[in-house]
>>> print(open('entry_27.txt').read())   # compact mmCIF, C-alpha atoms
# COMPACT_ATOMS: atom_id res chain seq x y z
CA MET A 1 27.81 4.56 -6.50
CA THR A 2 25.49 2.61 -4.20
CA GLU A 3 23.20 0.20 -6.04
CA LYS A 4 19.54 1.05 -5.67
CA LYS A 5 17.28 -1.30 -3.73
CA ILE A 6 14.64 -3.04 -5.82
CA ILE A 7 11.03 -2.59 -4.72
CA THR A 8 8.70 -5.08 -6.37
CA VAL A 9 5.36 -3.35 -6.80
CA PHE A 10 2.37 -5.62 -7.28
CA GLY A 11 -0.60 -3.89 -8.85
CA ALA A 12 1.75 -1.39 -10.48
CA THR A 13 -0.79 -0.58 -13.18
CA GLY A 14 -3.54 -0.07 -10.60
CA ARG A 15 -4.30 2.75 -8.22
CA GLN A 16 -2.39 1.91 -5.06
CA GLY A 17 0.58 0.31 -6.78
CA GLY A 18 0.63 3.07 -9.37
CA GLY A 19 0.74 5.65 -6.60
CA LEU A 20 3.87 4.02 -5.16
CA VAL A 21 5.48 3.77 -8.59
CA ARG A 22 5.00 7.49 -9.13
CA ALA A 23 6.30 8.27 -5.65
CA ILE A 24 9.48 6.27 -6.18
CA LEU A 25 10.09 7.83 -9.59
CA ALA A 26 9.70 11.31 -8.09
CA ASP A 27 11.78 10.59 -4.98
CA GLY A 28 14.83 12.82 -4.75
CA GLU A 29 16.63 10.43 -2.41
CA GLU A 30 16.88 7.79 -5.17
CA GLU A 31 17.27 4.97 -2.66
CA PHE A 32 14.90 2.66 -4.51
CA THR A 33 14.15 1.46 -8.00
CA VAL A 34 10.85 -0.01 -9.20
CA ARG A 35 10.19 -3.51 -10.46
CA ALA A 36 6.63 -3.23 -11.74
CA VAL A 37 4.51 -6.39 -11.75
CA THR A 38 1.66 -6.85 -14.18
CA ARG A 39 -0.13 -9.75 -15.82
CA HIS A 40 0.10 -7.94 -19.14
CA PRO A 41 3.61 -6.52 -19.65
CA ASP A 42 2.82 -5.72 -23.28
CA GLY A 43 -0.43 -3.91 -22.50
CA GLU A 44 -1.06 -0.18 -22.71
CA ALA A 45 -0.87 0.32 -18.93
CA ALA A 46 2.55 -1.35 -18.84
CA ARG A 47 3.72 0.75 -21.77
CA GLU A 48 2.67 3.85 -19.85
CA LEU A 49 4.83 2.74 -16.92
CA LYS A 50 7.77 2.47 -19.29
CA ARG A 51 7.05 5.94 -20.65
CA LEU A 52 7.13 7.25 -17.09
CA GLY A 53 10.58 5.77 -16.63
CA VAL A 54 10.08 2.25 -15.26
CA ASP A 55 12.69 0.05 -16.91
CA ASP A 56 11.89 -3.18 -15.05
CA VAL A 57 8.39 -4.42 -15.93
CA VAL A 58 7.81 -8.13 -15.30
CA ARG A 59 4.96 -10.54 -15.76
CA ALA A 60 3.49 -12.32 -12.76
CA ASP A 61 0.03 -13.48 -11.77
CA MET A 62 -1.07 -13.91 -8.16
CA ASP A 63 -3.21 -16.86 -9.27
CA ASP A 64 -0.04 -18.53 -10.63
CA PRO A 65 2.32 -18.95 -7.63
CA PRO A 66 5.39 -20.09 -9.64
CA SER A 67 5.28 -16.83 -11.61
CA LEU A 68 5.72 -14.84 -8.38
CA VAL A 69 9.17 -16.20 -7.54
CA PRO A 70 11.15 -14.28 -10.21
CA ALA A 71 9.09 -11.17 -9.49
CA VAL A 72 10.51 -10.90 -5.96
CA GLU A 73 13.94 -12.42 -6.57
CA HIS A 74 16.74 -10.12 -5.36
CA ALA A 75 14.18 -7.52 -4.25
CA TYR A 76 14.77 -5.57 -1.06
CA GLY A 77 11.09 -4.77 -0.63
CA ALA A 78 7.65 -5.52 -1.98
CA PHE A 79 4.38 -3.65 -2.04
CA VAL A 80 1.51 -6.13 -2.08
CA VAL A 81 -2.05 -5.22 -2.96
CA THR A 82 -4.84 -7.49 -4.18
CA ASN A 83 -7.89 -6.50 -6.22
CA PHE A 84 -11.02 -8.01 -4.71
CA TRP A 85 -13.29 -6.05 -7.06
CA GLU A 86 -11.92 -7.90 -10.07
CA HIS A 87 -13.50 -11.19 -8.96
CA MET A 88 -15.30 -10.40 -5.66
CA ASP A 89 -14.14 -13.62 -3.98
CA ALA A 90 -12.55 -13.31 -0.53
CA GLU A 91 -11.13 -16.83 -0.59
CA ARG A 92 -9.40 -16.19 -3.89
CA GLU A 93 -8.01 -12.91 -2.56
CA LYS A 94 -6.66 -14.71 0.50
CA ALA A 95 -5.03 -17.38 -1.68
CA GLN A 96 -3.34 -14.64 -3.70
CA ALA A 97 -1.98 -13.01 -0.55
CA ARG A 98 -0.73 -16.36 0.75
CA ALA A 99 1.08 -17.04 -2.51
CA VAL A 100 2.84 -13.67 -2.49
CA ALA A 101 3.79 -14.04 1.19
CA ARG A 102 5.38 -17.42 0.47
CA ALA A 103 7.27 -16.10 -2.53
CA ALA A 104 8.52 -13.10 -0.56
CA SER A 105 9.64 -15.35 2.27
CA HIS A 106 11.52 -17.71 -0.05
CA ALA A 107 13.19 -14.76 -1.79
CA GLY A 108 14.29 -13.20 1.49
CA VAL A 109 12.43 -9.93 1.00
CA ARG A 110 13.55 -7.63 3.81
CA HIS A 111 10.52 -5.34 3.95
CA ALA A 112 7.03 -5.98 2.61
CA ILE A 113 4.09 -3.61 2.78
CA TRP A 114 0.79 -5.48 2.75
CA SER A 115 -2.19 -3.29 1.86
CA THR A 116 -4.81 -4.60 4.22
CA LEU A 117 -7.96 -3.53 6.06
CA GLU A 118 -9.82 -4.06 9.31
CA ASP A 119 -11.86 -7.13 10.18
CA THR A 120 -15.37 -5.67 10.19
CA ARG A 121 -16.66 -8.57 12.29
CA ASP A 122 -14.91 -7.03 15.28
CA CYS A 123 -17.55 -4.28 15.09
CA VAL A 124 -20.43 -6.11 13.39
CA PRO A 125 -20.40 -9.80 14.41
CA LEU A 126 -21.62 -12.45 12.01
CA ASP A 127 -24.81 -12.97 14.00
CA ASP A 128 -25.62 -9.25 13.91
CA ALA A 129 -28.73 -8.79 11.78
CA ARG A 130 -27.93 -5.16 10.92
CA MET A 131 -26.33 -6.31 7.69
CA PRO A 132 -26.36 -9.59 5.77
CA THR A 133 -23.56 -12.11 6.02
CA LEU A 134 -21.84 -12.55 2.65
CA GLN A 135 -19.89 -15.48 1.19
CA GLU A 136 -21.02 -17.51 4.22
CA ARG A 137 -18.56 -16.08 6.74
CA TYR A 138 -17.92 -12.39 6.13
CA LYS A 139 -19.69 -9.10 6.65
CA VAL A 140 -17.54 -7.07 4.25
CA PRO A 141 -15.51 -9.72 2.39
CA HIS A 142 -12.92 -7.38 0.88
CA PHE A 143 -12.13 -6.10 4.36
CA ASP A 144 -12.39 -9.34 6.33
CA GLY A 145 -10.48 -11.48 3.84
CA LYS A 146 -7.55 -9.05 3.84
CA ALA A 147 -7.57 -8.97 7.63
CA GLU A 148 -7.39 -12.76 7.75
CA ALA A 149 -4.56 -12.72 5.21
CA ASP A 150 -2.40 -10.65 7.59
CA GLN A 151 -1.53 -13.92 9.29
CA TYR A 152 0.11 -15.33 6.17
CA PHE A 153 2.85 -12.70 6.29
CA LEU A 154 3.40 -13.47 9.98
CA ASP A 155 3.43 -17.24 9.38
CA GLU A 156 5.97 -16.84 6.60
CA ALA A 157 8.14 -14.56 8.79
CA VAL A 158 8.16 -11.82 6.17
CA PRO A 159 9.19 -8.47 7.75
CA THR A 160 5.95 -6.65 7.04
CA THR A 161 4.24 -3.32 7.58
CA PHE A 162 0.45 -3.59 7.54
CA LEU A 163 -0.88 -0.52 5.73
CA ARG A 164 -4.59 0.22 6.03
CA ALA A 165 -5.96 2.83 3.65
CA THR A 166 -9.61 3.72 3.07
CA PHE A 167 -12.10 4.89 0.43
CA TYR A 168 -10.26 6.34 -2.57
CA TRP A 169 -11.43 9.75 -3.68
CA GLU A 170 -10.62 8.50 -7.18
CA ASN A 171 -13.77 6.37 -6.84
CA LEU A 172 -15.64 9.57 -7.72
CA LEU A 173 -14.20 9.21 -11.21
CA ASP A 174 -15.84 5.85 -11.87
CA ALA A 175 -17.33 3.23 -9.53
CA PHE A 176 -18.94 5.69 -7.11
CA ALA A 177 -19.42 8.71 -9.35
CA PRO A 178 -22.59 10.71 -8.75
CA GLN A 179 -25.68 10.21 -10.85
CA ARG A 180 -27.08 13.07 -12.91
CA ASP A 181 -30.70 13.96 -12.28
CA PRO A 182 -32.99 15.37 -15.01
CA ASP A 183 -32.60 18.89 -13.61
CA GLY A 184 -28.83 18.75 -14.10
CA THR A 185 -28.00 18.22 -10.44
CA PHE A 186 -25.43 15.56 -9.61
CA ARG A 187 -26.55 13.24 -6.83
CA LEU A 188 -24.42 11.32 -4.32
CA SER A 189 -26.53 8.58 -2.75
CA TYR A 190 -24.15 6.65 -0.53
CA PRO A 191 -25.85 4.98 2.47
CA MET A 192 -23.81 6.93 5.01
CA GLY A 193 -26.46 8.97 6.80
CA ASP A 194 -24.77 11.78 8.72
CA SER A 195 -21.63 9.77 9.44
CA ARG A 196 -18.21 10.81 8.21
CA LEU A 197 -16.51 8.94 5.40
CA SER A 198 -12.74 8.60 5.62
CA GLY A 199 -11.12 9.20 2.25
CA ILE A 200 -7.70 9.49 0.71
CA ALA A 201 -6.01 10.15 -2.63
CA VAL A 202 -4.17 7.20 -4.13
CA ASP A 203 -1.02 9.28 -4.59
CA ASP A 204 -0.97 9.81 -0.83
CA ILE A 205 -1.13 6.06 -0.30
CA GLY A 206 1.92 5.79 -2.55
CA ARG A 207 3.85 8.52 -0.77
CA THR A 208 3.04 7.00 2.61
CA ALA A 209 4.23 3.59 1.44
CA LEU A 210 7.48 5.18 0.24
CA ALA A 211 7.98 6.84 3.64
CA VAL A 212 7.46 3.46 5.29
CA LEU A 213 10.09 1.90 3.04
CA HIS A 214 12.53 4.69 3.86
CA GLY A 215 11.82 4.09 7.55
CA GLY A 216 12.76 0.44 7.21
CA ALA A 217 12.94 -1.53 10.44
CA ASP A 218 11.17 1.22 12.38
CA PHE A 219 7.94 0.21 10.64
CA VAL A 220 8.29 -3.57 10.48
CA ALA A 221 5.41 -5.28 12.32
CA ALA A 222 3.57 -1.95 12.60
CA THR A 223 -0.01 -1.37 11.50
CA ILE A 224 -0.39 2.06 9.93
CA SER A 225 -3.89 3.33 9.19
CA ILE A 226 -4.21 6.43 7.03
CA ALA A 227 -6.73 8.91 5.68
CA GLY A 228 -6.53 12.35 4.14
CA GLU A 229 -9.71 13.66 5.74
CA HIS A 230 -12.92 12.50 7.45
CA LEU A 231 -15.96 14.22 5.93
CA THR A 232 -19.70 13.73 5.82
CA VAL A 233 -20.91 13.06 2.31
CA ASP A 234 -22.93 16.27 2.56
CA ALA A 235 -19.67 18.17 3.15
CA MET A 236 -18.09 16.35 0.21
CA ALA A 237 -20.99 17.40 -2.01
CA ALA A 238 -20.59 21.01 -0.91
CA ALA A 239 -16.86 20.94 -1.66
CA LEU A 240 -17.53 19.47 -5.10
CA THR A 241 -20.15 22.11 -5.84
CA GLU A 242 -17.82 24.93 -4.84
CA SER A 243 -14.82 23.68 -6.80
CA LEU A 244 -16.51 22.36 -9.91
CA GLY A 245 -19.19 25.00 -10.30
CA VAL A 246 -21.92 22.41 -10.82
CA PRO A 247 -24.63 21.48 -8.28
CA VAL A 248 -23.82 18.32 -6.32
CA ARG A 249 -26.29 17.15 -3.67
CA TYR A 250 -26.27 14.37 -1.11
CA ARG A 251 -29.40 12.24 -1.15
CA PRO A 252 -28.60 9.23 1.03
CA LEU A 253 -30.19 5.84 0.60
CA THR A 254 -30.68 3.40 3.42
CA PRO A 255 -28.26 0.45 3.35
CA ASP A 256 -31.14 -1.88 2.42
CA ALA A 257 -32.19 0.40 -0.44
CA TRP A 258 -28.59 0.50 -1.69
CA ARG A 259 -28.32 -3.30 -1.61
CA ALA A 260 -31.64 -3.58 -3.47
CA GLN A 261 -30.22 -1.80 -6.54
CA ASP A 262 -29.80 -3.82 -9.72
CA ALA A 263 -26.02 -3.53 -10.07
CA PRO A 264 -23.03 -5.81 -9.55
CA GLY A 265 -21.49 -5.86 -6.08
CA VAL A 266 -24.16 -3.81 -4.31
CA ASP A 267 -24.31 -6.23 -1.36
CA GLU A 268 -20.58 -5.84 -0.85
CA SER A 269 -20.51 -2.06 -1.26
CA GLY A 270 -23.70 -1.63 0.75
CA ASN A 271 -22.18 -3.52 3.66
CA MET A 272 -18.97 -1.51 3.26
CA PHE A 273 -20.76 1.83 3.51
CA GLN A 274 -22.87 0.58 6.39
CA TYR A 275 -19.71 -0.46 8.22
CA TYR A 276 -18.15 2.95 7.56
CA ALA A 277 -21.28 4.61 8.96
CA GLU A 278 -22.10 2.42 11.94
CA CYS A 279 -18.48 1.93 13.02
CA GLU A 280 -17.52 5.51 12.19
CA HIS A 281 -15.83 6.42 15.46
CA ARG A 282 -13.71 3.28 15.60
CA PHE A 283 -12.70 3.59 11.96
CA THR A 284 -11.87 7.30 11.96
CA ALA A 285 -10.09 7.17 15.32
CA ALA A 286 -7.66 4.63 13.87
CA ARG A 287 -6.78 7.12 11.11
CA ASP A 288 -5.09 10.12 12.69
CA VAL A 289 -4.76 12.63 9.86
CA ALA A 290 -1.97 14.54 11.64
CA ALA A 291 0.01 11.31 12.03
CA ALA A 292 -0.55 10.49 8.36
CA ARG A 293 0.73 13.95 7.42
CA ARG A 294 3.96 13.34 9.35
CA LEU A 295 4.63 10.43 6.99
CA ASP A 296 3.36 12.29 3.92
CA PRO A 297 3.79 16.06 4.33
CA GLY A 298 1.96 16.58 1.05
CA LEU A 299 -1.17 14.78 2.28
CA GLN A 300 -4.15 16.22 0.41
CA SER A 301 -7.42 17.41 1.85
CA PHE A 302 -10.53 16.54 -0.13
CA ALA A 303 -10.81 20.11 -1.43
CA THR A 304 -7.20 20.04 -2.60
CA TRP A 305 -7.73 16.74 -4.38
CA VAL A 306 -10.91 17.98 -6.07
CA ALA A 307 -9.18 21.15 -7.26
CA GLY A 308 -6.41 19.05 -8.79
CA HIS A 309 -8.89 16.77 -10.57
CA ARG A 310 -11.47 19.31 -11.65
CA ASP A 311 -11.29 18.59 -15.39
CA ALA A 312 -11.10 14.82 -14.90
CA LEU A 313 -14.18 14.86 -12.67
CA LEU A 314 -16.22 16.95 -15.06
CA ASP A 315 -15.18 14.75 -18.00
CA ALA A 316 -16.05 11.57 -16.10
CA TRP A 317 -19.50 12.83 -15.12
CA ARG A 318 -20.61 13.85 -18.58
>>> encode(input="entry_27.txt", output="structure tokens")
Amino acid sequence: MTEKKIITVFGATGRQGGGLVRAILADGEEEFTVRAVTRHPDGEAARELKRLGVDDVVRADMDDPPSLVPAVEHAYGAFVVTNFWEHMDAEREKAQARAVARAASHAGVRHAIWSTLEDTRDCVPLDDARMPTLQERYKVPHFDGKAEADQYFLDEAVPTTFLRATFYWENLLDAFAPQRDPDGTFRLSYPMGDSRLSGIAVDDIGRTALAVLHGGADFVAATISIAGEHLTVDAMAAALTESLGVPVRYRPLTPDAWRAQDAPGVDESGNMFQYYAECEHRFTAARDVAAARRLDPGLQSFATWVAGHRDALLDAWR
């Protein structure tokens, strides 16, 4: 019997990493086995991974480089994702990516997938007054920092696929859930105007990553940008209304009005949405849905995702 190849999955208890864990566990080819990385191997999220069938759960912390070495030792591949929203510091996120790239290089990882994003300054330069500059040198730090971190994987000569996803539809369950108005209507207020928002389900990110791992050398050094669908927020609201049976309306704010809200991270998210809107054609053109479906034949449309999450959405919005 051929020994399975170990895939070290960083962020295994999160959305993207969790999507890949589920994809590997469900994979009929059984080429790979999961090594799930978490800072809290005794926590409830790690216990849930074990209940799903993950036998190899290890502790490592991207802010603690020595802890990363055993996490990638003897691994064939690694899925690397960082969580900017936990600390909202692009420099820290870049340092985390550099540490993982070095560990993967030293361990001889043969195929890494780095979950990255575009450099928004290619579309909105730093001196462009349309949106504020954040953290002194970025327009959308969680995009731009990841884009800069691409170079670490190249410098460390790690065979890497650069996977660019987009807005998770799962954000509708928490961070970007609609607000309920006094009349019972649910209101989406993203500052997107009439522009289309590219979105994707996290399970499709996981299945795409698995397809990339199966493809091996064919995808090394490639940049793969994916989305499940490009929709105006008005069309998203209509799809939600139809599937959930509750009224959902789009009432857009301006980017400045969004950033003026009294909530954590609104400068960052306001710039993100403004980038999505003002660089719509560039962003959506890079994400060919038909090409994404060739990698992930089960790629979900927004309506399909909503139908599959109907109860969860209604529960989250109560």
>>> closest_atom_pairs(input="entry_27.txt", of="region 278-302 of chain A", to="region 219-233 of chain A", cutoff="9 Å", atoms="all atoms listed in the file", output="Markdown table")
| residue | atom | partner | partner_atom | distance |
| --- | --- | --- | --- | --- |
| A:Thr284 | CA | A:His230 | CA | 7.0 |
| A:Ala286 | CA | A:Ser225 | CA | 6.1 |
| A:Arg287 | CA | A:Ile226 | CA | 4.9 |
| A:Asp288 | CA | A:Ile226 | CA | 6.8 |
| A:Val289 | CA | A:Ala227 | CA | 5.9 |
| A:Ala291 | CA | A:Ile226 | CA | 8.2 |
| A:Ala292 | CA | A:Ile226 | CA | 5.6 |
| A:Arg293 | CA | A:Gly228 | CA | 8.1 |
| A:Leu299 | CA | A:Gly228 | CA | 6.2 |
| A:Gln300 | CA | A:Gly228 | CA | 5.9 |
| A:Ser301 | CA | A:Gly228 | CA | 5.6 |
| A:Phe302 | CA | A:Glu229 | CA | 6.6 |
>>> closest_residue(input="entry_27.txt", among="A:Asp218, A:Asp55, A:Asp127, A:Asp61", to="His40 (chain A)", atoms="all atoms listed in the file")
A:Asp61
>>> closest_atom_pairs(input="entry_27.txt", of="region 233-316 of chain A", to="region 88-101 of chain A", cutoff="10 Å", atoms="only C-alpha atoms", output="JSON lines")
{"residue": "A:Pro264", "atom": "CA", "partner": "A:Met88", "partner_atom": "CA", "distance": 9.8}
{"residue": "A:Gly265", "atom": "CA", "partner": "A:Met88", "partner_atom": "CA", "distance": 7.7}
{"residue": "A:Glu268", "atom": "CA", "partner": "A:Met88", "partner_atom": "CA", "distance": 8.5}
>>> residues_around(input="entry_27.txt", residues="Pro159 (chain A)", least_positions_apart="2", cutoff="9 Å", atoms="all atoms listed in the file", output="list in words")
Ser105, Val109, Arg110, His111, Ala112, Ile113, Phe153, Leu154, Ala157, Thr161, Ala217, Val220 and Ala221 of chain A
>>> atom_distance(input="entry_27.txt", atom1="CA of Ala46 (chain A)", atom2="CA of Ala103 (chain A)")
22.5 Å
>>> closest_residue(input="entry_27.txt", among="A:Arg294, A:Arg251, A:His281, A:His74", to="Gly193 (chain A)", atoms="only C-alpha atoms")
A:Arg251
>>> atom_distance(input="entry_27.txt", atom1="CA of Phe162 (chain A)", atom2="CA of Ala147 (chain A)")
9.7 Å
>>> residues_around(input="entry_27.txt", residues="Thr254 (chain A)", least_positions_apart="2", cutoff="8 Å", atoms="all atoms listed in the file", output="ChimeraX atom specification")
/A:191-193,252,256-258
>>> decode(input="entry_27.txt", residues="region 106-117 of chain A", atoms="all heavy atoms", output="mmCIF file, in the first residue's frame")
data_model
loop_
_atom_site.group_PDB
_atom_site.id
_atom_site.type_symbol
_atom_site.label_atom_id
_atom_site.label_comp_id
_atom_site.auth_asym_id
_atom_site.auth_seq_id
_atom_site.Cartn_x
_atom_site.Cartn_y
_atom_site.Cartn_z
ATOM 1 N N HIS A 106 13.201 24.814 4.543
ATOM 2 C CA HIS A 106 14.139 23.972 5.308
ATOM 3 C C HIS A 106 13.661 22.523 5.372
ATOM 4 O O HIS A 106 14.477 21.590 5.402
ATOM 5 C CB HIS A 106 14.320 24.535 6.718
ATOM 6 C CG HIS A 106 15.010 25.865 6.725
ATOM 7 N ND1 HIS A 106 14.934 26.741 7.777
ATOM 8 C CD2 HIS A 106 15.780 26.483 5.794
ATOM 9 C CE1 HIS A 106 15.624 27.826 7.508
ATOM 10 N NE2 HIS A 106 16.145 27.709 6.311
ATOM 11 N N ALA A 107 12.342 22.333 5.383
ATOM 12 C CA ALA A 107 11.793 20.974 5.475
ATOM 13 C C ALA A 107 11.736 20.280 4.112
ATOM 14 O O ALA A 107 11.441 19.082 4.045
ATOM 15 C CB ALA A 107 10.398 21.021 6.083
ATOM 16 N N GLY A 108 11.975 21.027 3.055
ATOM 17 C CA GLY A 108 11.918 20.423 1.724
ATOM 18 C C GLY A 108 10.513 20.157 1.229
ATOM 19 O O GLY A 108 10.288 19.201 0.462
ATOM 20 N N VAL A 109 9.561 20.991 1.641
ATOM 21 C CA VAL A 109 8.184 20.840 1.157
ATOM 22 C C VAL A 109 8.175 20.928 -0.363
ATOM 23 O O VAL A 109 8.766 21.833 -0.962
ATOM 24 C CB VAL A 109 7.275 21.929 1.785
ATOM 25 C CG1 VAL A 109 5.938 22.008 1.069
ATOM 26 C CG2 VAL A 109 7.075 21.649 3.266
ATOM 27 N N ARG A 110 7.499 19.987 -0.994
ATOM 28 C CA ARG A 110 7.543 19.883 -2.456
ATOM 29 C C ARG A 110 6.436 20.658 -3.159
ATOM 30 O O ARG A 110 6.522 20.916 -4.362
ATOM 31 C CB ARG A 110 7.496 18.413 -2.859
ATOM 32 C CG ARG A 110 8.764 17.657 -2.448
ATOM 33 C CD ARG A 110 8.582 16.154 -2.516
ATOM 34 N NE ARG A 110 8.219 15.710 -3.852
ATOM 35 C CZ ARG A 110 7.842 14.469 -4.143
ATOM 36 N NH1 ARG A 110 7.777 13.565 -3.178
ATOM 37 N NH2 ARG A 110 7.523 14.135 -5.366
ATOM 38 N N HIS A 111 5.409 21.055 -2.428
ATOM 39 C CA HIS A 111 4.347 21.857 -3.047
ATOM 40 C C HIS A 111 3.599 22.626 -1.967
ATOM 41 O O HIS A 111 2.896 22.037 -1.147
ATOM 42 C CB HIS A 111 3.370 20.967 -3.818
ATOM 43 C CG HIS A 111 2.447 21.732 -4.719
ATOM 44 N ND1 HIS A 111 1.542 21.102 -5.556
ATOM 45 C CD2 HIS A 111 2.271 23.072 -4.931
ATOM 46 C CE1 HIS A 111 0.869 22.021 -6.245
ATOM 47 N NE2 HIS A 111 1.286 23.215 -5.870
ATOM 48 N N ALA A 112 3.768 23.939 -1.976
ATOM 49 C CA ALA A 112 3.021 24.804 -1.064
ATOM 50 C C ALA A 112 1.941 25.545 -1.848
ATOM 51 O O ALA A 112 2.124 25.870 -3.025
ATOM 52 C CB ALA A 112 3.941 25.811 -0.390
ATOM 53 N N ILE A 113 0.830 25.778 -1.196
ATOM 54 C CA ILE A 113 -0.186 26.688 -1.717
ATOM 55 C C ILE A 113 -0.243 27.868 -0.760
ATOM 56 O O ILE A 113 -0.496 27.694 0.438
ATOM 57 C CB ILE A 113 -1.563 26.014 -1.822
ATOM 58 C CG1 ILE A 113 -1.514 24.825 -2.781
ATOM 59 C CG2 ILE A 113 -2.611 27.027 -2.290
ATOM 60 C CD1 ILE A 113 -2.833 24.050 -2.862
ATOM 61 N N TRP A 114 0.038 29.047 -1.280
ATOM 62 C CA TRP A 114 0.010 30.263 -0.475
ATOM 63 C C TRP A 114 -1.263 31.026 -0.836
ATOM 64 O O TRP A 114 -1.473 31.427 -1.986
ATOM 65 C CB TRP A 114 1.261 31.088 -0.739
ATOM 66 C CG TRP A 114 1.244 32.544 -0.354
ATOM 67 C CD1 TRP A 114 1.587 33.596 -1.155
ATOM 68 C CD2 TRP A 114 0.937 33.124 0.928
ATOM 69 N NE1 TRP A 114 1.501 34.783 -0.470
ATOM 70 C CE2 TRP A 114 1.095 34.518 0.818
ATOM 71 C CE3 TRP A 114 0.521 32.574 2.145
ATOM 72 C CZ2 TRP A 114 0.861 35.389 1.878
ATOM 73 C CZ3 TRP A 114 0.281 33.450 3.202
ATOM 74 C CH2 TRP A 114 0.455 34.830 3.072
ATOM 75 N N SER A 115 -2.136 31.222 0.129
ATOM 76 C CA SER A 115 -3.387 31.940 -0.085
ATOM 77 C C SER A 115 -3.103 33.432 -0.043
ATOM 78 O O SER A 115 -2.911 34.012 1.021
ATOM 79 C CB SER A 115 -4.412 31.550 0.984
ATOM 80 O OG SER A 115 -5.613 32.255 0.781
ATOM 81 N N THR A 116 -3.091 34.041 -1.205
ATOM 82 C CA THR A 116 -2.648 35.411 -1.333
ATOM 83 C C THR A 116 -3.725 36.252 -2.000
ATOM 84 O O THR A 116 -4.845 35.784 -2.232
ATOM 85 C CB THR A 116 -1.316 35.449 -2.118
ATOM 86 O OG1 THR A 116 -0.806 36.781 -2.150
ATOM 87 C CG2 THR A 116 -1.470 34.919 -3.536
ATOM 88 N N LEU A 117 -3.400 37.502 -2.305
ATOM 89 C CA LEU A 117 -4.334 38.410 -2.961
ATOM 90 C C LEU A 117 -3.564 39.417 -3.811
ATOM 91 O O LEU A 117 -2.338 39.503 -3.728
ATOM 92 C CB LEU A 117 -5.201 39.141 -1.923
ATOM 93 C CG LEU A 117 -6.294 38.308 -1.242
ATOM 94 C CD1 LEU A 117 -6.826 39.013 -0.006
ATOM 95 C CD2 LEU A 117 -7.435 37.998 -2.209
#
